[in-house]
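The structure file upload12.pdb is reproduced below (PDB, N, CA and C atoms).
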```pdb
MODEL        1
ATOM      1  N   MET A   1     -26.897 -64.938 -43.300  1.00  0.00           N
ATOM      2  CA  MET A   1     -26.996 -64.250 -44.574  1.00  0.00           C
ATOM      3  C   MET A   1     -27.998 -63.096 -44.447  1.00  0.00           C
ATOM      4  N   LEU A   2     -27.643 -61.940 -44.953  1.00  0.00           N
ATOM      5  CA  LEU A   2     -28.510 -60.766 -44.902  1.00  0.00           C
ATOM      6  C   LEU A   2     -29.586 -60.855 -45.979  1.00  0.00           C
ATOM      7  N   PRO A   3     -30.813 -60.426 -45.658  1.00  0.00           N
ATOM      8  CA  PRO A   3     -31.880 -60.448 -46.669  1.00  0.00           C
ATOM      9  C   PRO A   3     -31.630 -59.394 -47.741  1.00  0.00           C
ATOM     10  N   SER A   4     -32.019 -59.729 -48.966  1.00  0.00           N
ATOM     11  CA  SER A   4     -31.782 -58.816 -50.083  1.00  0.00           C
ATOM     12  C   SER A   4     -32.987 -57.929 -50.392  1.00  0.00           C
ATOM     13  N   ASN A   5     -34.168 -58.297 -49.889  1.00  0.00           N
ATOM     14  CA  ASN A   5     -35.350 -57.468 -50.115  1.00  0.00           C
ATOM     15  C   ASN A   5     -36.284 -57.573 -48.909  1.00  0.00           C
ATOM     16  N   ALA A   6     -37.404 -56.862 -48.953  1.00  0.00           N
ATOM     17  CA  ALA A   6     -38.314 -56.801 -47.812  1.00  0.00           C
ATOM     18  C   ALA A   6     -38.984 -58.140 -47.539  1.00  0.00           C
ATOM     19  N   LEU A   7     -39.304 -58.896 -48.595  1.00  0.00           N
ATOM     20  CA  LEU A   7     -39.935 -60.204 -48.383  1.00  0.00           C
ATOM     21  C   LEU A   7     -38.995 -61.173 -47.676  1.00  0.00           C
ATOM     22  N   ASP A   8     -37.741 -61.158 -48.048  1.00  0.00           N
ATOM     23  CA  ASP A   8     -36.771 -62.009 -47.354  1.00  0.00           C
ATOM     24  C   ASP A   8     -36.600 -61.559 -45.907  1.00  0.00           C
ATOM     25  N   ALA A   9     -36.625 -60.262 -45.684  1.00  0.00           N
ATOM     26  CA  ALA A   9     -36.463 -59.738 -44.324  1.00  0.00           C
ATOM     27  C   ALA A   9     -37.642 -60.117 -43.439  1.00  0.00           C
ATOM     28  N   ILE A  10     -38.858 -60.099 -44.003  1.00  0.00           N
ATOM     29  CA  ILE A  10     -40.030 -60.448 -43.194  1.00  0.00           C
ATOM     30  C   ILE A  10     -40.033 -61.938 -42.852  1.00  0.00           C
ATOM     31  N   ARG A  11     -39.475 -62.748 -43.732  1.00  0.00           N
ATOM     32  CA  ARG A  11     -39.373 -64.187 -43.441  1.00  0.00           C
ATOM     33  C   ARG A  11     -38.366 -64.457 -42.330  1.00  0.00           C
ATOM     34  N   CYS A  12     -37.336 -63.636 -42.240  1.00  0.00           N
ATOM     35  CA  CYS A  12     -36.298 -63.821 -41.218  1.00  0.00           C
ATOM     36  C   CYS A  12     -36.669 -63.191 -39.878  1.00  0.00           C
ATOM     37  N   CYS A  13     -37.567 -62.225 -39.882  1.00  0.00           N
ATOM     38  CA  CYS A  13     -37.897 -61.480 -38.671  1.00  0.00           C
ATOM     39  C   CYS A  13     -38.885 -62.260 -37.806  1.00  0.00           C
ATOM     40  N   ASP A  14     -38.596 -62.344 -36.523  1.00  0.00           N
ATOM     41  CA  ASP A  14     -39.482 -63.016 -35.578  1.00  0.00           C
ATOM     42  C   ASP A  14     -40.465 -61.983 -35.010  1.00  0.00           C
ATOM     43  N   PRO A  15     -41.789 -62.149 -35.271  1.00  0.00           N
ATOM     44  CA  PRO A  15     -42.752 -61.136 -34.812  1.00  0.00           C
ATOM     45  C   PRO A  15     -42.899 -61.075 -33.292  1.00  0.00           C
ATOM     46  N   ILE A  16     -42.493 -62.116 -32.588  1.00  0.00           N
ATOM     47  CA  ILE A  16     -42.604 -62.093 -31.133  1.00  0.00           C
ATOM     48  C   ILE A  16     -41.475 -61.261 -30.517  1.00  0.00           C
ATOM     49  N   ILE A  17     -40.287 -61.399 -31.068  1.00  0.00           N
ATOM     50  CA  ILE A  17     -39.133 -60.672 -30.534  1.00  0.00           C
ATOM     51  C   ILE A  17     -39.101 -59.226 -31.034  1.00  0.00           C
ATOM     52  N   PHE A  18     -39.417 -59.024 -32.307  1.00  0.00           N
ATOM     53  CA  PHE A  18     -39.371 -57.688 -32.921  1.00  0.00           C
ATOM     54  C   PHE A  18     -40.734 -57.317 -33.513  1.00  0.00           C
ATOM     55  N   PRO A  19     -41.752 -57.064 -32.703  1.00  0.00           N
ATOM     56  CA  PRO A  19     -43.080 -56.787 -33.270  1.00  0.00           C
ATOM     57  C   PRO A  19     -43.144 -55.485 -34.076  1.00  0.00           C
ATOM     58  N   ASN A  20     -42.446 -54.455 -33.650  1.00  0.00           N
ATOM     59  CA  ASN A  20     -42.491 -53.178 -34.381  1.00  0.00           C
ATOM     60  C   ASN A  20     -41.779 -53.278 -35.727  1.00  0.00           C
ATOM     61  N   ILE A  21     -40.645 -53.928 -35.730  1.00  0.00           N
ATOM     62  CA  ILE A  21     -39.910 -54.100 -36.993  1.00  0.00           C
ATOM     63  C   ILE A  21     -40.710 -54.981 -37.952  1.00  0.00           C
ATOM     64  N   PHE A  22     -41.357 -56.012 -37.413  1.00  0.00           N
ATOM     65  CA  PHE A  22     -42.181 -56.891 -38.244  1.00  0.00           C
ATOM     66  C   PHE A  22     -43.324 -56.102 -38.888  1.00  0.00           C
ATOM     67  N   MET A  23     -43.971 -55.216 -38.118  1.00  0.00           N
ATOM     68  CA  MET A  23     -45.064 -54.400 -38.654  1.00  0.00           C
ATOM     69  C   MET A  23     -44.556 -53.442 -39.733  1.00  0.00           C
ATOM     70  N   LEU A  24     -43.400 -52.841 -39.511  1.00  0.00           N
ATOM     71  CA  LEU A  24     -42.825 -51.955 -40.534  1.00  0.00           C
ATOM     72  C   LEU A  24     -42.480 -52.713 -41.808  1.00  0.00           C
ATOM     73  N   LEU A  25     -41.994 -53.926 -41.664  1.00  0.00           N
ATOM     74  CA  LEU A  25     -41.683 -54.734 -42.848  1.00  0.00           C
ATOM     75  C   LEU A  25     -42.952 -55.116 -43.601  1.00  0.00           C
ATOM     76  N   LYS A  26     -44.042 -55.386 -42.890  1.00  0.00           N
ATOM     77  CA  LYS A  26     -45.311 -55.686 -43.561  1.00  0.00           C
ATOM     78  C   LYS A  26     -45.794 -54.487 -44.359  1.00  0.00           C
ATOM     79  N   ILE A  27     -45.675 -53.303 -43.772  1.00  0.00           N
ATOM     80  CA  ILE A  27     -46.072 -52.082 -44.480  1.00  0.00           C
ATOM     81  C   ILE A  27     -45.186 -51.872 -45.702  1.00  0.00           C
ATOM     82  N   LEU A  28     -43.894 -52.098 -45.537  1.00  0.00           N
ATOM     83  CA  LEU A  28     -42.959 -51.942 -46.648  1.00  0.00           C
ATOM     84  C   LEU A  28     -43.288 -52.907 -47.787  1.00  0.00           C
ATOM     85  N   CYS A  29     -43.711 -54.118 -47.451  1.00  0.00           N
ATOM     86  CA  CYS A  29     -44.058 -55.097 -48.485  1.00  0.00           C
ATOM     87  C   CYS A  29     -45.341 -54.719 -49.220  1.00  0.00           C
ATOM     88  N   CYS A  30     -46.242 -53.988 -48.566  1.00  0.00           N
ATOM     89  CA  CYS A  30     -47.518 -53.612 -49.181  1.00  0.00           C
ATOM     90  C   CYS A  30     -47.419 -52.379 -50.072  1.00  0.00           C
ATOM     91  N   LEU A  31     -46.413 -51.555 -49.883  1.00  0.00           N
ATOM     92  CA  LEU A  31     -46.333 -50.295 -50.621  1.00  0.00           C
ATOM     93  C   LEU A  31     -46.301 -50.450 -52.146  1.00  0.00           C
ATOM     94  N   PRO A  32     -45.529 -51.379 -52.709  1.00  0.00           N
ATOM     95  CA  PRO A  32     -45.558 -51.490 -54.178  1.00  0.00           C
ATOM     96  C   PRO A  32     -46.935 -51.852 -54.722  1.00  0.00           C
ATOM     97  N   GLY A  33     -47.633 -52.763 -54.053  1.00  0.00           N
ATOM     98  CA  GLY A  33     -48.980 -53.117 -54.486  1.00  0.00           C
ATOM     99  C   GLY A  33     -49.938 -51.967 -54.316  1.00  0.00           C
ATOM    100  N   LEU A  34     -49.796 -51.217 -53.243  1.00  0.00           N
ATOM    101  CA  LEU A  34     -50.659 -50.068 -53.007  1.00  0.00           C
ATOM    102  C   LEU A  34     -50.464 -49.016 -54.088  1.00  0.00           C
ATOM    103  N   LYS A  35     -49.231 -48.767 -54.477  1.00  0.00           N
ATOM    104  CA  LYS A  35     -48.973 -47.794 -55.544  1.00  0.00           C
ATOM    105  C   LYS A  35     -49.599 -48.238 -56.857  1.00  0.00           C
ATOM    106  N   ARG A  36     -49.505 -49.525 -57.158  1.00  0.00           N
ATOM    107  CA  ARG A  36     -50.064 -50.050 -58.410  1.00  0.00           C
ATOM    108  C   ARG A  36     -51.581 -49.937 -58.408  1.00  0.00           C
ATOM    109  N   ILE A  37     -52.209 -50.301 -57.307  1.00  0.00           N
ATOM    110  CA  ILE A  37     -53.671 -50.237 -57.213  1.00  0.00           C
ATOM    111  C   ILE A  37     -54.139 -48.793 -57.221  1.00  0.00           C
ATOM    112  N   LYS A  38     -53.471 -47.959 -56.467  1.00  0.00           N
ATOM    113  CA  LYS A  38     -53.911 -46.568 -56.324  1.00  0.00           C
ATOM    114  C   LYS A  38     -53.778 -45.779 -57.628  1.00  0.00           C
ATOM    115  N   THR A  39     -52.741 -46.003 -58.401  1.00  0.00           N
ATOM    116  CA  THR A  39     -52.600 -45.250 -59.644  1.00  0.00           C
ATOM    117  C   THR A  39     -53.627 -45.690 -60.676  1.00  0.00           C
ATOM    118  N   TYR A  40     -53.997 -46.971 -60.668  1.00  0.00           N
ATOM    119  CA  TYR A  40     -54.953 -47.458 -61.652  1.00  0.00           C
ATOM    120  C   TYR A  40     -56.367 -46.965 -61.350  1.00  0.00           C
ATOM    121  N   LEU A  41     -56.746 -46.947 -60.090  1.00  0.00           N
ATOM    122  CA  LEU A  41     -58.113 -46.604 -59.718  1.00  0.00           C
ATOM    123  C   LEU A  41     -58.171 -45.345 -58.853  1.00  0.00           C
ATOM    124  N   ARG A  42     -57.333 -44.397 -59.120  1.00  0.00           N
ATOM    125  CA  ARG A  42     -57.159 -43.252 -58.231  1.00  0.00           C
ATOM    126  C   ARG A  42     -58.451 -42.474 -57.985  1.00  0.00           C
ATOM    127  N   ASN A  43     -59.222 -42.196 -59.018  1.00  0.00           N
ATOM    128  CA  ASN A  43     -60.370 -41.306 -58.851  1.00  0.00           C
ATOM    129  C   ASN A  43     -61.655 -42.020 -58.452  1.00  0.00           C
ATOM    130  N   SER A  44     -61.708 -43.332 -58.612  1.00  0.00           N
ATOM    131  CA  SER A  44     -62.980 -44.016 -58.393  1.00  0.00           C
ATOM    132  C   SER A  44     -62.986 -44.928 -57.174  1.00  0.00           C
ATOM    133  N   MET A  45     -62.035 -44.764 -56.272  1.00  0.00           N
ATOM    134  CA  MET A  45     -61.934 -45.695 -55.165  1.00  0.00           C
ATOM    135  C   MET A  45     -61.985 -44.974 -53.815  1.00  0.00           C
ATOM    136  N   LYS A  46     -62.793 -45.504 -52.930  1.00  0.00           N
ATOM    137  CA  LYS A  46     -62.854 -44.994 -51.554  1.00  0.00           C
ATOM    138  C   LYS A  46     -61.805 -45.731 -50.721  1.00  0.00           C
ATOM    139  N   GLU A  47     -61.537 -45.228 -49.532  1.00  0.00           N
ATOM    140  CA  GLU A  47     -60.492 -45.800 -48.676  1.00  0.00           C
ATOM    141  C   GLU A  47     -60.826 -47.222 -48.232  1.00  0.00           C
ATOM    142  N   ASP A  48     -62.099 -47.515 -47.945  1.00  0.00           N
ATOM    143  CA  ASP A  48     -62.484 -48.865 -47.521  1.00  0.00           C
ATOM    144  C   ASP A  48     -62.207 -49.894 -48.616  1.00  0.00           C
ATOM    145  N   ARG A  49     -62.538 -49.541 -49.842  1.00  0.00           N
ATOM    146  CA  ARG A  49     -62.312 -50.467 -50.948  1.00  0.00           C
ATOM    147  C   ARG A  49     -60.819 -50.664 -51.198  1.00  0.00           C
ATOM    148  N   LEU A  50     -60.060 -49.593 -51.119  1.00  0.00           N
ATOM    149  CA  LEU A  50     -58.618 -49.681 -51.298  1.00  0.00           C
ATOM    150  C   LEU A  50     -58.000 -50.576 -50.225  1.00  0.00           C
ATOM    151  N   ASN A  51     -58.421 -50.407 -48.968  1.00  0.00           N
ATOM    152  CA  ASN A  51     -57.921 -51.256 -47.897  1.00  0.00           C
ATOM    153  C   ASN A  51     -58.274 -52.710 -48.135  1.00  0.00           C
ATOM    154  N   GLY A  52     -59.476 -52.953 -48.614  1.00  0.00           N
ATOM    155  CA  GLY A  52     -59.888 -54.327 -48.906  1.00  0.00           C
ATOM    156  C   GLY A  52     -59.051 -54.959 -50.001  1.00  0.00           C
ATOM    157  N   LEU A  53     -58.759 -54.209 -51.056  1.00  0.00           N
ATOM    158  CA  LEU A  53     -57.937 -54.735 -52.138  1.00  0.00           C
ATOM    159  C   LEU A  53     -56.507 -55.016 -51.690  1.00  0.00           C
ATOM    160  N   VAL A  54     -55.980 -54.147 -50.844  1.00  0.00           N
ATOM    161  CA  VAL A  54     -54.630 -54.372 -50.327  1.00  0.00           C
ATOM    162  C   VAL A  54     -54.599 -55.618 -49.448  1.00  0.00           C
ATOM    163  N   LEU A  55     -55.618 -55.796 -48.610  1.00  0.00           N
ATOM    164  CA  LEU A  55     -55.681 -56.991 -47.767  1.00  0.00           C
ATOM    165  C   LEU A  55     -55.830 -58.257 -48.608  1.00  0.00           C
ATOM    166  N   LEU A  56     -56.643 -58.193 -49.672  1.00  0.00           N
ATOM    167  CA  LEU A  56     -56.770 -59.345 -50.567  1.00  0.00           C
ATOM    168  C   LEU A  56     -55.435 -59.688 -51.216  1.00  0.00           C
ATOM    169  N   SER A  57     -54.709 -58.662 -51.601  1.00  0.00           N
ATOM    170  CA  SER A  57     -53.402 -58.894 -52.212  1.00  0.00           C
ATOM    171  C   SER A  57     -52.422 -59.487 -51.206  1.00  0.00           C
ATOM    172  N   TYR A  58     -52.480 -59.011 -49.980  1.00  0.00           N
ATOM    173  CA  TYR A  58     -51.541 -59.480 -48.957  1.00  0.00           C
ATOM    174  C   TYR A  58     -51.840 -60.913 -48.532  1.00  0.00           C
ATOM    175  N   TYR A  59     -53.125 -61.242 -48.377  1.00  0.00           N
ATOM    176  CA  TYR A  59     -53.520 -62.578 -47.933  1.00  0.00           C
ATOM    177  C   TYR A  59     -54.016 -63.430 -49.097  1.00  0.00           C
ATOM    178  N   ARG A  60     -53.385 -63.356 -50.239  1.00  0.00           N
ATOM    179  CA  ARG A  60     -53.852 -64.075 -51.423  1.00  0.00           C
ATOM    180  C   ARG A  60     -53.716 -65.590 -51.303  1.00  0.00           C
ATOM    181  N   ASN A  61     -52.951 -66.096 -50.330  1.00  0.00           N
ATOM    182  CA  ASN A  61     -52.812 -67.538 -50.182  1.00  0.00           C
ATOM    183  C   ASN A  61     -53.944 -68.145 -49.354  1.00  0.00           C
ATOM    184  N   VAL A  62     -54.822 -67.330 -48.773  1.00  0.00           N
ATOM    185  CA  VAL A  62     -55.974 -67.822 -48.018  1.00  0.00           C
ATOM    186  C   VAL A  62     -57.075 -68.191 -49.001  1.00  0.00           C
ATOM    187  N   VAL A  63     -57.583 -69.411 -48.899  1.00  0.00           N
ATOM    188  CA  VAL A  63     -58.614 -69.889 -49.818  1.00  0.00           C
ATOM    189  C   VAL A  63     -59.987 -69.517 -49.266  1.00  0.00           C
ATOM    190  N   ILE A  64     -60.784 -68.840 -50.089  1.00  0.00           N
ATOM    191  CA  ILE A  64     -62.136 -68.439 -49.714  1.00  0.00           C
ATOM    192  C   ILE A  64     -63.091 -68.998 -50.759  1.00  0.00           C
ATOM    193  N   THR A  65     -64.120 -69.690 -50.292  1.00  0.00           N
ATOM    194  CA  THR A  65     -65.100 -70.267 -51.218  1.00  0.00           C
ATOM    195  C   THR A  65     -66.200 -69.247 -51.506  1.00  0.00           C
ATOM    196  N   PRO A  66     -66.868 -69.379 -52.641  1.00  0.00           N
ATOM    197  CA  PRO A  66     -67.988 -68.471 -52.943  1.00  0.00           C
ATOM    198  C   PRO A  66     -69.113 -68.556 -51.912  1.00  0.00           C
ATOM    199  N   ASP A  67     -69.324 -69.729 -51.321  1.00  0.00           N
ATOM    200  CA  ASP A  67     -70.361 -69.856 -50.294  1.00  0.00           C
ATOM    201  C   ASP A  67     -70.050 -69.000 -49.073  1.00  0.00           C
ATOM    202  N   GLU A  68     -68.783 -68.928 -48.688  1.00  0.00           N
ATOM    203  CA  GLU A  68     -68.394 -68.092 -47.553  1.00  0.00           C
ATOM    204  C   GLU A  68     -68.657 -66.618 -47.845  1.00  0.00           C
ATOM    205  N   ILE A  69     -68.388 -66.208 -49.065  1.00  0.00           N
ATOM    206  CA  ILE A  69     -68.628 -64.813 -49.449  1.00  0.00           C
ATOM    207  C   ILE A  69     -70.115 -64.502 -49.432  1.00  0.00           C
ATOM    208  N   LEU A  70     -70.920 -65.411 -49.992  1.00  0.00           N
ATOM    209  CA  LEU A  70     -72.366 -65.188 -50.019  1.00  0.00           C
ATOM    210  C   LEU A  70     -72.955 -65.170 -48.610  1.00  0.00           C
ATOM    211  N   ASN A  71     -72.486 -66.051 -47.749  1.00  0.00           N
ATOM    212  CA  ASN A  71     -72.973 -66.062 -46.365  1.00  0.00           C
ATOM    213  C   ASN A  71     -72.616 -64.762 -45.641  1.00  0.00           C
ATOM    214  N   GLU A  72     -71.417 -64.264 -45.865  1.00  0.00           N
ATOM    215  CA  GLU A  72     -71.011 -63.003 -45.229  1.00  0.00           C
ATOM    216  C   GLU A  72     -71.830 -61.830 -45.749  1.00  0.00           C
ATOM    217  N   MET A  73     -72.090 -61.819 -47.047  1.00  0.00           N
ATOM    218  CA  MET A  73     -72.881 -60.729 -47.618  1.00  0.00           C
ATOM    219  C   MET A  73     -74.340 -60.811 -47.194  1.00  0.00           C
ATOM    220  N   ALA A  74     -74.845 -62.019 -46.949  1.00  0.00           N
ATOM    221  CA  ALA A  74     -76.237 -62.181 -46.532  1.00  0.00           C
ATOM    222  C   ALA A  74     -76.460 -61.679 -45.109  1.00  0.00           C
ATOM    223  N   LYS A  75     -75.416 -61.590 -44.307  1.00  0.00           N
ATOM    224  CA  LYS A  75     -75.541 -61.098 -42.933  1.00  0.00           C
ATOM    225  C   LYS A  75     -75.849 -59.607 -42.880  1.00  0.00           C
ATOM    226  N   LYS A  76     -75.382 -58.863 -43.876  1.00  0.00           N
ATOM    227  CA  LYS A  76     -75.538 -57.412 -43.875  1.00  0.00           C
ATOM    228  C   LYS A  76     -76.888 -57.039 -44.491  1.00  0.00           C
ATOM    229  N   PRO A  77     -77.645 -56.178 -43.818  1.00  0.00           N
ATOM    230  CA  PRO A  77     -78.930 -55.764 -44.387  1.00  0.00           C
ATOM    231  C   PRO A  77     -78.724 -54.855 -45.596  1.00  0.00           C
ATOM    232  N   ARG A  78     -79.515 -55.059 -46.597  1.00  0.00           N
ATOM    233  CA  ARG A  78     -79.446 -54.233 -47.818  1.00  0.00           C
ATOM    234  C   ARG A  78     -80.710 -53.413 -47.929  1.00  0.00           C
ATOM    235  N   LYS A  79     -80.543 -52.170 -48.230  1.00  0.00           N
ATOM    236  CA  LYS A  79     -81.697 -51.289 -48.408  1.00  0.00           C
ATOM    237  C   LYS A  79     -82.014 -51.238 -49.897  1.00  0.00           C
ATOM    238  N   ILE A  80     -83.220 -51.632 -50.211  1.00  0.00           N
ATOM    239  CA  ILE A  80     -83.670 -51.633 -51.609  1.00  0.00           C
ATOM    240  C   ILE A  80     -84.854 -50.661 -51.721  1.00  0.00           C
ATOM    241  N   ASP A  81     -84.717 -49.659 -52.565  1.00  0.00           N
ATOM    242  CA  ASP A  81     -85.811 -48.714 -52.794  1.00  0.00           C
ATOM    243  C   ASP A  81     -86.688 -49.241 -53.912  1.00  0.00           C
ATOM    244  N   ILE A  82     -87.940 -49.490 -53.594  1.00  0.00           N
ATOM    245  CA  ILE A  82     -88.898 -49.970 -54.595  1.00  0.00           C
ATOM    246  C   ILE A  82     -89.827 -48.828 -54.934  1.00  0.00           C
ATOM    247  N   VAL A  83     -89.848 -48.465 -56.186  1.00  0.00           N
ATOM    248  CA  VAL A  83     -90.689 -47.379 -56.653  1.00  0.00           C
ATOM    249  C   VAL A  83     -91.860 -47.993 -57.414  1.00  0.00           C
ATOM    250  N   LEU A  84     -93.082 -47.657 -56.985  1.00  0.00           N
ATOM    251  CA  LEU A  84     -94.273 -48.181 -57.660  1.00  0.00           C
ATOM    252  C   LEU A  84     -94.912 -47.137 -58.528  1.00  0.00           C
TER     253      LEU A  84
ENDMDL
END
```

Mind converting the file's structure to C-alpha cells?
Amino acid sequence: MLPSNALDAIRCCDPIIFPNIFMLLKILCCLPGLKRIKTYLRNSMKEDRLNGLVLLSYYRNVVITPDEILNEMAKKPRKIDIVL
C-alpha cells in the first residue's frame, strides 16, 4: 500500500537502505511545524531558538524531567553583572 502523507512514508522508509530519502522525509515532516512557529514568532526569534523549538516538536515523545533540565542548565556558566 502506498503512503498517503509524509508521516506514513517515513514509517515505511528504512533509514539503513534509503538514508537520503529518510532525511528528506524528516525535513518534509518538519516544514508545517516550522511554518507555524516561524509565522507566530517571526521578529523575536533567533535561529538557535527556532531550531530548538523544531527539535522539541519533532522529539515530543521523549520524556524529560525538570531535574534533567536544571542539571543541564547548571553546567553552563552564567555571567551576572552586579552593580553596587

Report task. For atom N of Arg60 (chain A) and CA of Met1 (chain A), quote the distance in Å rounded to one decimal. Result ->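 We find that atom N of Arg60 (chain A) and CA of Met1 (chain A) lie 27.0 Å from each other.
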
Query raised in the report: Can you list, as a VMD selection string, every protein, DNA or RNA residue that comes within 7 Å of region 20-27 of chain A when you count only N, CA and C atoms, leaving out same-chain residues fewer than 6 positions away?
Result: chain A and resid 6 9 to 10 13 to 14

Extending 5 Å beyond the listed atoms of region 22-28 of chain A on each side, what axis-aligned box results? I want centre and edge lengths in Å to one decimal, as lines of an AutoDock Vina configuration file.
```
center_x = -43.7
center_y = -54.4
center_z = -42.6
size_x = 14.7
size_y = 15.0
size_z = 20.4
```

Query - atom N of Glu47 (chain A) to atom N of Lys76 (chain A), straight-line distance in Å - result: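 So the two atoms, atom N of Lys76 (chain A) and atom N of Glu47 (chain A), lie 20.2 Å apart.
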
Query raised in the report: atom C of Ile64 (chain A) and CA of Leu28 (chain A) are how many Å apart?
Result: 26.7 Å

Query raised in the report: For Gly33 (chain A), which residue out of A:Ser4, A:Asp67, A:Asn51, A:Lys75 is the nearest one, using only C-alpha atoms?
Result: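 Closest residue, counting only C-alpha atoms: A:Asn51.
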
For region 9-21 of chain A, supply N, CA, C and O atoms and report the output as a JSON list (two decimals), in the frame of the given file.
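What ended up in result20.json:
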```json
[["chain", "number", "residue", "atom", "x", "y", "z"],
["A", 9, "ALA", "N", -36.62, -60.26, -45.68],
["A", 9, "ALA", "CA", -36.46, -59.74, -44.32],
["A", 9, "ALA", "C", -37.64, -60.12, -43.44],
["A", 9, "ALA", "O", -37.47, -60.45, -42.27],
["A", 10, "ILE", "N", -38.86, -60.10, -44.00],
["A", 10, "ILE", "CA", -40.03, -60.45, -43.19],
["A", 10, "ILE", "C", -40.03, -61.94, -42.85],
["A", 10, "ILE", "O", -40.53, -62.34, -41.81],
["A", 11, "ARG", "N", -39.48, -62.75, -43.73],
["A", 11, "ARG", "CA", -39.37, -64.19, -43.44],
["A", 11, "ARG", "C", -38.37, -64.46, -42.33],
["A", 11, "ARG", "O", -38.52, -65.40, -41.57],
["A", 12, "CYS", "N", -37.34, -63.64, -42.24],
["A", 12, "CYS", "CA", -36.30, -63.82, -41.22],
["A", 12, "CYS", "C", -36.67, -63.19, -39.88],
["A", 12, "CYS", "O", -36.13, -63.57, -38.85],
["A", 13, "CYS", "N", -37.57, -62.22, -39.88],
["A", 13, "CYS", "CA", -37.90, -61.48, -38.67],
["A", 13, "CYS", "C", -38.88, -62.26, -37.81],
["A", 13, "CYS", "O", -39.89, -62.76, -38.30],
["A", 14, "ASP", "N", -38.60, -62.34, -36.52],
["A", 14, "ASP", "CA", -39.48, -63.02, -35.58],
["A", 14, "ASP", "C", -40.47, -61.98, -35.01],
["A", 14, "ASP", "O", -40.06, -61.04, -34.33],
["A", 15, "PRO", "N", -41.79, -62.15, -35.27],
["A", 15, "PRO", "CA", -42.75, -61.14, -34.81],
["A", 15, "PRO", "C", -42.90, -61.08, -33.29],
["A", 15, "PRO", "O", -43.37, -60.07, -32.77],
["A", 16, "ILE", "N", -42.49, -62.12, -32.59],
["A", 16, "ILE", "CA", -42.60, -62.09, -31.13],
["A", 16, "ILE", "C", -41.48, -61.26, -30.52],
["A", 16, "ILE", "O", -41.68, -60.49, -29.58],
["A", 17, "ILE", "N", -40.29, -61.40, -31.07],
["A", 17, "ILE", "CA", -39.13, -60.67, -30.53],
["A", 17, "ILE", "C", -39.10, -59.23, -31.03],
["A", 17, "ILE", "O", -38.80, -58.31, -30.28],
["A", 18, "PHE", "N", -39.42, -59.02, -32.31],
["A", 18, "PHE", "CA", -39.37, -57.69, -32.92],
["A", 18, "PHE", "C", -40.73, -57.32, -33.51],
["A", 18, "PHE", "O", -40.89, -57.22, -34.74],
["A", 19, "PRO", "N", -41.75, -57.06, -32.70],
["A", 19, "PRO", "CA", -43.08, -56.79, -33.27],
["A", 19, "PRO", "C", -43.14, -55.48, -34.08],
["A", 19, "PRO", "O", -43.81, -55.44, -35.11],
["A", 20, "ASN", "N", -42.45, -54.46, -33.65],
["A", 20, "ASN", "CA", -42.49, -53.18, -34.38],
["A", 20, "ASN", "C", -41.78, -53.28, -35.73],
["A", 20, "ASN", "O", -42.26, -52.75, -36.73],
["A", 21, "ILE", "N", -40.65, -53.93, -35.73],
["A", 21, "ILE", "CA", -39.91, -54.10, -36.99],
["A", 21, "ILE", "C", -40.71, -54.98, -37.95],
["A", 21, "ILE", "O", -40.77, -54.72, -39.15]]
```
